[in-house]
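What follows is start-v5.cif (mmCIF, C-alpha atoms).
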data_input
loop_
_atom_site.label_atom_id
_atom_site.label_comp_id
_atom_site.auth_asym_id
_atom_site.auth_seq_id
_atom_site.Cartn_x
_atom_site.Cartn_y
_atom_site.Cartn_z
CA MET O 15 0.00 0.00 0.00
CA ALA O 16 1.38 3.40 -0.96
CA THR O 17 1.60 6.19 1.56
CA LEU O 18 -1.80 7.77 2.06
CA ARG O 19 -2.71 11.26 3.22
CA HIS O 20 -1.87 11.55 6.90
CA GLN O 21 -5.35 11.00 8.36
CA LEU O 22 -5.93 7.86 6.29
CA GLU O 23 -2.35 6.69 6.86
CA VAL O 24 -2.95 6.57 10.63
CA ILE O 25 -6.06 4.45 10.06
CA ALA O 26 -4.24 2.26 7.50
CA ASN O 27 -1.30 1.68 9.86
CA ARG O 28 -3.67 0.41 12.55
CA HIS O 29 -5.35 -1.79 9.95
CA ARG O 30 -1.99 -3.16 8.77
CA ALA O 31 -1.05 -3.99 12.36
CA VAL O 32 -4.23 -6.06 12.78
CA ILE O 33 -3.59 -7.83 9.47
CA LYS O 34 -0.02 -8.64 10.47
CA VAL O 35 -0.88 -10.01 13.88
CA SER O 36 -3.85 -11.94 12.52
CA HIS O 37 -1.53 -13.77 10.11
CA GLU O 38 1.03 -14.38 12.83
CA ARG O 39 -1.47 -15.73 15.34
CA LEU O 40 -4.43 -17.19 13.44
CA ASP O 41 -2.81 -18.95 10.48
CA ARG O 42 -1.34 -21.64 12.71
CA LEU O 43 -4.37 -22.39 14.91
CA SER O 44 -6.16 -25.73 14.83
CA ASP O 45 -9.88 -26.12 14.34
CA ALA O 46 -10.32 -26.94 18.03
CA GLN O 47 -8.47 -23.78 19.04
CA ILE O 48 -10.48 -21.56 16.69
CA LYS O 49 -13.80 -22.96 17.93
CA TRP O 50 -12.94 -23.07 21.65
CA ALA O 51 -14.61 -20.76 24.18
CA PRO O 52 -14.09 -20.78 27.96
CA ASP O 53 -17.85 -20.60 28.62
CA ALA O 54 -21.21 -20.17 26.90
CA LYS O 55 -21.17 -16.36 27.32
CA THR O 56 -17.80 -15.79 25.68
CA TRP O 57 -17.38 -15.75 21.92
CA SER O 58 -14.91 -18.20 20.45
CA ILE O 59 -12.35 -17.00 17.92
CA ALA O 60 -14.65 -18.49 15.26
CA LEU O 61 -17.57 -16.35 16.41
CA ILE O 62 -15.41 -13.23 16.53
CA LEU O 63 -14.16 -13.95 13.01
CA ASP O 64 -17.69 -14.52 11.73
CA HIS O 65 -18.78 -11.22 13.30
CA LEU O 66 -15.89 -9.33 11.70
CA ILE O 67 -16.53 -10.98 8.32
CA LYS O 68 -20.18 -9.94 8.46
CA THR O 69 -19.23 -6.41 9.48
CA HIS O 70 -16.76 -5.96 6.62
CA ALA O 71 -18.98 -7.70 4.06
CA ALA O 72 -21.78 -5.25 4.88
CA THR O 73 -19.75 -2.05 5.21
CA SER O 74 -17.08 -2.26 2.48
CA PRO O 75 -19.69 -2.03 -0.33
CA VAL O 76 -21.27 0.97 1.44
CA PHE O 77 -17.89 2.70 1.52
CA MET O 78 -17.18 1.91 -2.12
CA ARG O 79 -20.55 3.20 -3.34
CA ALA O 80 -19.99 6.49 -1.53
CA LEU O 81 -16.42 6.77 -2.78
CA LEU O 82 -17.34 6.00 -6.37
CA ALA O 83 -19.76 8.94 -6.31
CA ALA O 84 -17.26 11.33 -4.68
CA PRO O 85 -15.17 13.80 -6.69
CA PRO O 86 -11.35 13.54 -6.81
CA ALA O 87 -9.48 14.62 -3.68
CA GLY O 88 -7.92 17.77 -5.11
CA ASP O 89 -6.17 19.95 -2.49
CA GLU O 90 -7.95 18.19 0.38
CA ARG O 91 -5.01 15.81 0.82
CA GLU O 92 -3.16 18.28 3.05
CA LYS O 93 -6.05 18.87 5.46
CA GLU O 94 -7.20 17.00 8.55
CA LEU O 95 -10.93 16.43 8.37
CA PRO O 96 -12.52 17.16 11.74
CA TYR O 97 -14.89 14.67 13.34
CA SER O 98 -18.28 15.82 14.51
CA PHE O 99 -19.43 14.92 18.02
CA SER O 100 -21.34 11.91 16.67
CA ASP O 101 -18.29 10.84 14.64
CA ARG O 102 -16.06 10.97 17.73
CA LEU O 103 -18.69 9.07 19.70
CA ILE O 104 -18.97 6.16 17.24
CA VAL O 105 -15.17 5.85 16.99
CA GLN O 106 -14.90 5.89 20.77
CA LEU O 107 -17.70 3.34 21.29
CA LEU O 108 -16.08 0.87 18.88
CA SER O 109 -12.52 1.34 20.15
CA PRO O 110 -10.55 -0.94 22.47
CA GLY O 111 -11.19 0.04 26.06
CA ALA O 112 -14.63 1.50 25.36
CA ARG O 113 -16.53 2.14 28.57
CA PHE O 114 -19.83 0.96 27.14
CA LYS O 115 -20.48 -2.23 25.26
CA LEU O 116 -22.78 -1.71 22.31
CA PRO O 117 -25.31 -4.43 21.52
CA VAL O 118 -24.47 -6.39 18.38
CA PRO O 119 -26.92 -5.53 15.58
CA LYS O 120 -28.72 -8.56 14.14
CA LEU O 121 -26.98 -8.05 10.82
CA TYR O 122 -23.63 -8.72 12.50
CA THR O 123 -24.62 -11.46 14.94
CA PRO O 124 -22.20 -14.35 14.51
CA VAL O 125 -23.24 -17.95 14.01
CA THR O 126 -21.45 -21.22 14.62
CA HIS O 127 -20.01 -22.85 11.51
CA ASN O 128 -19.28 -26.51 10.91
CA ALA O 129 -16.68 -25.75 8.25
CA PRO O 130 -13.01 -25.79 9.24
CA GLY O 131 -12.01 -22.78 11.31
CA GLN O 132 -9.21 -21.93 8.88
CA ASN O 133 -11.92 -21.18 6.28
CA LEU O 134 -13.07 -18.35 8.55
CA VAL O 135 -9.50 -17.14 8.95
CA LYS O 136 -9.03 -17.08 5.17
CA HIS O 137 -12.38 -15.32 4.63
CA LEU O 138 -11.55 -12.65 7.22
CA GLN O 139 -8.18 -12.03 5.60
CA GLU O 140 -9.97 -11.58 2.25
CA GLU O 141 -12.29 -9.03 3.88
CA PHE O 142 -9.26 -7.25 5.38
CA ASP O 143 -7.69 -7.14 1.90
CA ALA O 144 -10.91 -5.66 0.48
CA PHE O 145 -10.89 -3.02 3.23
CA THR O 146 -7.30 -2.15 2.28
CA ILE O 147 -8.55 -1.46 -1.24
CA VAL O 148 -11.27 0.78 0.21
CA LEU O 149 -8.63 2.77 2.13
CA ASP O 150 -6.48 3.15 -1.00
CA TYR O 151 -9.46 4.32 -3.01
CA ALA O 152 -10.58 6.73 -0.27
CA ASP O 153 -7.22 8.47 -0.57
CA GLU O 154 -8.06 9.44 -4.15
CA LYS O 155 -11.41 11.01 -3.26
CA GLN O 156 -12.73 14.17 -1.67
CA LEU O 157 -13.91 13.07 1.76
CA LYS O 158 -14.90 16.39 3.31
CA GLY O 159 -18.63 16.31 3.98
CA LEU O 160 -18.97 12.76 2.64
CA ARG O 161 -21.24 10.75 4.92
CA VAL O 162 -22.56 7.22 4.68
CA SER O 163 -25.45 5.36 6.24
CA SER O 164 -24.55 2.45 8.41
CA PRO O 165 -26.12 -0.84 7.32
CA ALA O 166 -26.73 -1.53 11.01
CA GLY O 167 -28.52 1.55 12.19
CA ASN O 168 -29.80 5.06 11.83
CA PHE O 169 -26.55 6.94 11.94
CA ARG O 170 -24.64 8.67 9.16
CA PRO O 171 -21.00 9.13 10.14
CA SER O 172 -18.45 10.78 7.93
CA VAL O 173 -16.59 8.32 5.74
CA VAL O 174 -13.29 9.05 7.50
CA ALA O 175 -14.78 8.48 10.95
CA TYR O 176 -16.51 5.31 9.79
CA LEU O 177 -13.28 3.96 8.32
CA ASP O 178 -11.57 4.81 11.61
CA ALA O 179 -14.38 3.20 13.63
CA THR O 180 -14.16 0.04 11.52
CA VAL O 181 -10.46 -0.35 12.25
CA GLN O 182 -10.99 0.43 15.93
CA HIS O 183 -13.72 -2.22 15.97
CA ASN O 184 -11.24 -4.73 14.49
CA ARG O 185 -8.73 -3.80 17.20
CA TYR O 186 -11.38 -4.17 19.90
CA HIS O 187 -12.15 -7.71 18.76
CA TRP O 188 -8.49 -8.53 18.31
CA MET O 189 -8.06 -7.82 22.02
CA GLN O 190 -10.80 -10.39 22.67
CA ILE O 191 -8.91 -12.92 20.55
CA GLU O 192 -5.68 -12.19 22.42
CA SER O 193 -7.51 -12.77 25.69
CA LEU O 194 -8.69 -16.17 24.47
CA LEU O 195 -5.20 -17.07 23.31
CA ARG O 196 -3.82 -16.24 26.77
CA ASP O 197 -6.50 -18.19 28.64
CA PRO O 198 -4.81 -20.99 30.65
CA ASN O 199 -7.45 -23.43 29.40
CA PHE O 200 -6.92 -22.57 25.72
CA PRO O 201 -6.36 -25.85 23.84
CA LYS O 202 -2.71 -26.64 23.11
CA SER O 203 -3.51 -27.73 19.55
#
What's the structure tokens form of this structure?
Amino acid sequence: MATLRHQLEVIANRHRAVIKVSHERLDRLSDAQIKWAPDAKTWSIALILDHLIKTHAATSPVFMRALLAAPPAGDEREKELPYSFSDRLIVQLLSPGARFKLPVPKLYTPVTHNAPGQNLVKHLQEEFDAFTIVLDYADEKQLKGLRVSSPAGNFRPSVVAYLDATVQHNRYHWMQIESLLRDPNFPKS
């Protein structure tokens, strides 16, 4: 990925970090490890992956439709685009360490799969790759004032804030995966 304008580069760097660690940690896990959960209330890695896949599969097309309709970036590349109060709120609520846990919209509710867990890992990595393309394309477009409707609710964040919130959401769930991997009862293979 080429260097993006600063605001998108920060988001892209966080996204790249999640991609890197997901390859390092998930590619070598067994099916039993991916599907293990310490209790009925805690999502397994498989459920987290399914949730993230559903999130990206629903939002990446929304981003691309908005970006396709946007004019070229022009001189906007040198400017930071401010977040509105609602933009800051959605980024904060989806970030690691958020004080409030948002309910999972039905659209993104994960389900248990019988297929091998590595299929989920591969599918998530494909969704991450598609999101990388969205970030690259966003860099070419004028983003000031560009808002999108969330497939999961009645809010219309700015594209930049929504891209940021998506990556923060990935980071939030990566912390859940790390917690599972550190659990003393996590299967050895």
One decimal place gives the CA of Phe200 in chain O-CA of Ile67 in chain O separation as 23.0 Å
For range 28-68 of chain O against range 125-139 of chain O, with a cut-off of 8 Å and counting only C-alpha atoms, what is the closest atom pair and its distance in Å to one decimal for every residue that makes the cut, ordered by chain and number, as JSON lines?
{"residue": "O:Ile33", "atom": "CA", "partner": "O:Gln139", "partner_atom": "CA", "distance": 7.3}
{"residue": "O:Leu40", "atom": "CA", "partner": "O:Val135", "partner_atom": "CA", "distance": 6.8}
{"residue": "O:Asp41", "atom": "CA", "partner": "O:Val135", "partner_atom": "CA", "distance": 7.1}
{"residue": "O:Leu43", "atom": "CA", "partner": "O:Gln132", "partner_atom": "CA", "distance": 7.7}
{"residue": "O:Ser44", "atom": "CA", "partner": "O:Gly131", "partner_atom": "CA", "distance": 7.4}
{"residue": "O:Asp45", "atom": "CA", "partner": "O:Gly131", "partner_atom": "CA", "distance": 5.0}
{"residue": "O:Ile48", "atom": "CA", "partner": "O:Gly131", "partner_atom": "CA", "distance": 5.7}
{"residue": "O:Lys49", "atom": "CA", "partner": "O:Gly131", "partner_atom": "CA", "distance": 6.9}
{"residue": "O:Ala60", "atom": "CA", "partner": "O:Gly131", "partner_atom": "CA", "distance": 6.4}
{"residue": "O:Leu61", "atom": "CA", "partner": "O:Val125", "partner_atom": "CA", "distance": 6.4}
{"residue": "O:Leu63", "atom": "CA", "partner": "O:Leu134", "partner_atom": "CA", "distance": 6.4}
{"residue": "O:Asp64", "atom": "CA", "partner": "O:Leu134", "partner_atom": "CA", "distance": 6.8}
{"residue": "O:Leu66", "atom": "CA", "partner": "O:Leu138", "partner_atom": "CA", "distance": 7.1}
{"residue": "O:Ile67", "atom": "CA", "partner": "O:Leu138", "partner_atom": "CA", "distance": 5.4}
Please list as a count of residues only every residue within 9 Å of Glu94 in chain O, counting all atoms listed in the file and excluding residues in the same chain fewer than 3 positions away.
4
Selected by the PyMOL selection byres ((chain O and resi 144) around 12) in the shown coordinates: which residues, as a ChimeraX atom specification?
/O:29,33,67,70-75,77-78,137-143,145-151
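Distance-wise, CA of Pro165 in chain O and CA of Trp57 in chain O end up 22.6 Å apart.
Atom pair CA of Ala46 in chain O / CA of Val118 in chain O: separated by 25.0 Å.
Proximity to Thr180 in chain O was assessed for O:Leu82, O:Ala152, O:Ile104, O:Ala31 counting only C-alpha atoms; the smallest distance is recorded for O:Ile104.
Distance check against Gly88 in chain O using all atoms listed in the file: of O:Leu116, O:Leu157, O:Val76, O:Ala166, the minimum falls on O:Leu157.
Using the PyMOL selection byres ((chain O and resi 27) around 12) on this structure selects Met15, Ala16, Thr17, Leu18, Arg19, His20, Gln21, Leu22, Glu23, Val24, Ile25, Ala26, Arg28, His29, Arg30, Ala31, Val32, Ile33, Lys34, Thr146, Leu149, Asp178, Val181, Gln182 and Arg185 of chain O.
With all atoms listed in the file as the atoms that count, the minimum distance from Lys68 in chain O to the choices O:Tyr176, O:Tyr122, O:Phe169, O:Trp188 is reached by O:Tyr122.
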Leu194 in chain O proximity check over O:Lys158, O:Arg170, O:Lys115, O:Arg39, using all atoms listed in the file: winner is O:Arg39
Return the single residue from O:Lys202, O:Arg196, O:Tyr186, O:Gly159 that is closest to Pro96 in chain O, with distances computed using only C-alpha atoms.
O:Gly159
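Shortest atom-to-atom contact with Ser172 in chain O among O:Arg42, O:Lys93, O:Arg102, O:Lys55: O:Arg102, counting all atoms listed in the file.
Taking only C-alpha atoms, the non-local environment of Ala84 in chain O within 8 Å (same-chain residues fewer than 4 positions away omitted) comprises Ala80, Lys155, Gln156, Leu157 and Leu160 of chain O.
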Selection from above, C-alpha atoms, as an mmCIF file, in the frame of the given file, can you write it?
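Once written, part-v1.cif looks like this:
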data_model
loop_
_atom_site.group_PDB
_atom_site.id
_atom_site.type_symbol
_atom_site.label_atom_id
_atom_site.label_comp_id
_atom_site.auth_asym_id
_atom_site.auth_seq_id
_atom_site.Cartn_x
_atom_site.Cartn_y
_atom_site.Cartn_z
ATOM 1 C CA ALA O 80 -19.990 6.490 -1.530
ATOM 2 C CA LYS O 155 -11.410 11.010 -3.260
ATOM 3 C CA GLN O 156 -12.730 14.170 -1.670
ATOM 4 C CA LEU O 157 -13.910 13.070 1.760
ATOM 5 C CA LEU O 160 -18.970 12.760 2.640
#
Expand the PyMOL selection byres ((chain O and resi 199) around 12) into the individual residues it matches in the shown file, reporting them as an mmCIF file with C-alpha atoms, keeping the file's coordinate frame.
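Done, and the output landed in expr.cif:
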data_model
loop_
_atom_site.group_PDB
_atom_site.id
_atom_site.type_symbol
_atom_site.label_atom_id
_atom_site.label_comp_id
_atom_site.auth_asym_id
_atom_site.auth_seq_id
_atom_site.Cartn_x
_atom_site.Cartn_y
_atom_site.Cartn_z
ATOM 1 C CA GLN O 47 -8.470 -23.780 19.040
ATOM 2 C CA TRP O 50 -12.940 -23.070 21.650
ATOM 3 C CA ALA O 51 -14.610 -20.760 24.180
ATOM 4 C CA PRO O 52 -14.090 -20.780 27.960
ATOM 5 C CA ASP O 53 -17.850 -20.600 28.620
ATOM 6 C CA SER O 193 -7.510 -12.770 25.690
ATOM 7 C CA LEU O 194 -8.690 -16.170 24.470
ATOM 8 C CA LEU O 195 -5.200 -17.070 23.310
ATOM 9 C CA ARG O 196 -3.820 -16.240 26.770
ATOM 10 C CA ASP O 197 -6.500 -18.190 28.640
ATOM 11 C CA PRO O 198 -4.810 -20.990 30.650
ATOM 12 C CA PHE O 200 -6.920 -22.570 25.720
ATOM 13 C CA PRO O 201 -6.360 -25.850 23.840
ATOM 14 C CA LYS O 202 -2.710 -26.640 23.110
ATOM 15 C CA SER O 203 -3.510 -27.730 19.550
#
